[in-house]
Amino acid sequence: MFEIVTVGALTAFLSAVANGAAGEMGKQALGSTGALVRRTLGRETPLPATAEGREALASALHARLSQDGRHNGEWARLLRSMTAPALLLSPGAGLPPATRNFTDRQRVLKQLTREASRPAAGRPRVALLYGRPGIGTTAVGLYWGATQIERYPDGQFYVDLRDAAGEEGPQSSAVLLRLLRTMGVERERIPPAEAGREELYRQLTAGRRALVVIDHASALAQVRRLVPAAPEVFLLVIASGPAFGLEAEPIVVPELKDRDAVKMLRKVATPEKVALAKAELPALLRRCEGNAFALKAAAERLLSEGASSLEAEDGAAGRSPVHGMVQAACRGIGPEAARCCRLVVVGGWPAFDAELAGAAAGVAAEDAERMVADAVAVQLVEPLHDGRYRFRPEVRRVLTDAAGPEHGIAECAAAVSRVLDRVLHRALHAAHAALPRSWRVEPAPADGTPYADEAAGMAALRAEAANVIRAVFVAEEYGHLDAALRLARALWPLQLKAGHWDEVLPALQIAVRCADAQHPDSRTAAGLHFQLGHCLGELQRWEEADREIRCAVAAERAAGHLLGEASSVEMLGLLALNQWLHEPAYERFVEAERLYRGIAPGQEGAGDLPRALALVERHQGRALRGMGQPAESRIRLERARDFFAAQGEAYNQGRVLTDLAETLHAAGEDVAALAAIAEAERLLTPEGATPHLAYLTGLRSRCEGAEQQP
């Protein structure tokens, strides 16, 4: 008698494998599972796309396992070996520090405490904190959170959406990604699909007492998947502006009353300074209308310049108090610095440094540095880190509205063009350094200092990612379509090596639209369709990915680019392989090999042809294993292994040895499989390939268990 693997265990395992297939080893686990499904059922079985499909597959497997002890044992060992270490909720970094000048808001604080402490009674604890821009919604949320640390021993988690590069802010899947990273989940362990991310979020917070703060949310879609099921998890959504339709306790942050506004002025500017400005206070309070940000900016001016700084601002009636504050600040820093701020704000850059500010204003970087420092002193600009700055959303709106009337459409457009040139220049340098041998990125510009190595280029591209993504939107808006295409191509290292699929997706969609309008059958269009297809495939949006890659194949063929066509056909095979469609995958890999072999000596790609053929043979071996042909699989994989060994590519050799061990195990040759595992471990240990080594440990246990089975 043997204990049958249960339907529930199989369903849970299939869900975990499908939802956890982010990163290389996630795909390895997915492929190994798909091959075993084929061996167990004796037929091609596509990867189920839904929970219902996974449950149906688990039932079919269970029916077969109840009659087959050998396969049952194999599944039992697979489930044990691939049980990943439990993810623990990390306390994270907590909330950003609250302001020292917090004043009043007692009613709002009590409302927050009431929602956080009421009996759950089956209702999730959620509050939507909102108010006029600059009124202090974020300050209220952070101050309240700082007083609630003991209430939430499992952590306080903060995500700020204001730095999103897209027009509408991040989508809910990207918000989940950022929250999970804040909760301590490594990027390669975060599921690629939104449903998997939500499930992981709920697993991590189940039974916990935690505070989740989402700041600068602007739409229901961004946060509705975060509504907690755990009764002791409190979701606080902060909106700088009007409320939206979240099922939550709505809490408006009102204007400060005059007496509290004066208290704030005294805290920031000192009681002595405020006393000296007594005559100007009534007019100032009327202009600021209880707006915390405008009051703080006025207090900073009072502290540094005295009562004369509080003279009435110009402007039409009905404008926000932030508008008056920005006007006064611009007068205080002088026309050149004010012009610099108005021109650099036009592109909506998530962050900028002195070089980009100088490009916008058409001045030297050192002059822009001085101007930006002046703007920081009067609250127009916020310093970040590494010499970068940003605008508060409400300041950005006022400056943007003023830029056109003050400087004219032509000058604003010229400023945007200059910044686009700088962002593109940086992106091309960084992308080329990150992937120096890839034909999918442009050569680095002739001018400028190259990065020292691939790591330096990758680090620079990560740091600049939000601006590069934003630049694609801006380039399309201002009609710089070729720049939009080049910027999007420079994102390739981010999606290939850093897994920034959610972040780059909107920019790639724009770039593909531009390319199809401008150069539909060009290599550029083909490359962008390929990038978009790759991105969608990594996010498990299979049908969309397949459509984009087929467009890439057609465009590469029309452009006569054999290397690109072969690579795109190979990607079609990988998409099929990841969906457990082994026979179609094998057909695509064979077609890709034929195309690669058509590249003549001296033709583009000829130098890399041996390596490309070794990689496609590896993929053929993986597909053949899934098709139940271990002997043919072994031949392909051994040839690929020998090539990478001769080239001294330890990491790729280790990857192929892992595939070979899987094939040998499937064929019942576990002694040989264990030898392949040992060699892979020897090669990968110096590479620091921790996830891969952990996978090999599980594979070893499966092989050893199979050896011991009677």
# chains A, B, ... in the order shown; residues from 1 in each chain; ligands from 1
>>> residues_around(residues="Arg202 (chain A)", least_positions_apart="2", cutoff="8 Å", atoms="only C-alpha atoms", output="ChimeraX atom specification")
/A:198-200,204-206,228-230
>>> residues_around(residues="region 41-56 of chain A", least_positions_apart="2", cutoff="7 Å", atoms="only C-alpha atoms", output="list in words")
Thr11, Leu14, Ser15, Val37, Arg38, Arg39, Ala58, Ser59, Ala60, Leu61, Gln579, Trp580 and Leu581 of chain A
>>> residues_around(residues="region 402-418 of chain A", least_positions_apart="2", cutoff="12 Å", atoms="only C-alpha atoms", output="JSON, numbers by chain")
{"A": [315, 323, 326, 327, 330, 335, 336, 338, 339, 340, 341, 342, 343, 344, 345, 346, 347, 348, 349, 355, 356, 357, 358, 359, 360, 361, 362, 363, 395, 396, 397, 398, 399, 400, 420, 421, 422, 423, 424, 425, 470, 471, 473, 474, 475, 476, 477, 478, 479, 480, 481, 483, 484]}
>>> residues_around(residues="Arg636 (chain A)", least_positions_apart="5", cutoff="9 Å", atoms="only C-alpha atoms", output="ChimeraX atom specification")
/A:614,617-622,641
>>> residues_around(residues="Leu177 (chain A)", least_positions_apart="4", cutoff="12 Å", atoms="only C-alpha atoms", output="number ranges by chain")
A: 22, 159, 170-173, 181-201, 222, 225-226, 499-503, 539
>>> residues_around(residues="Arg489 (chain A)", least_positions_apart="6", cutoff="9 Å", atoms="only C-alpha atoms", output="list in words")
Leu428, Ala431, Arg440, Val441, Glu442, Leu508, Ala511, Thr524, Gly527, Leu528 and Gln531 of chain A
>>> residues_around(residues="region 654-666 of chain A", least_positions_apart="2", cutoff="9 Å", atoms="only C-alpha atoms", output="ChimeraX atom specification")
/A:28,32,35-36,39,618,621-622,625,628-631,633-634,637-638,640-641,644,649-652,668-677,679-684,692,696,699,702-703,706
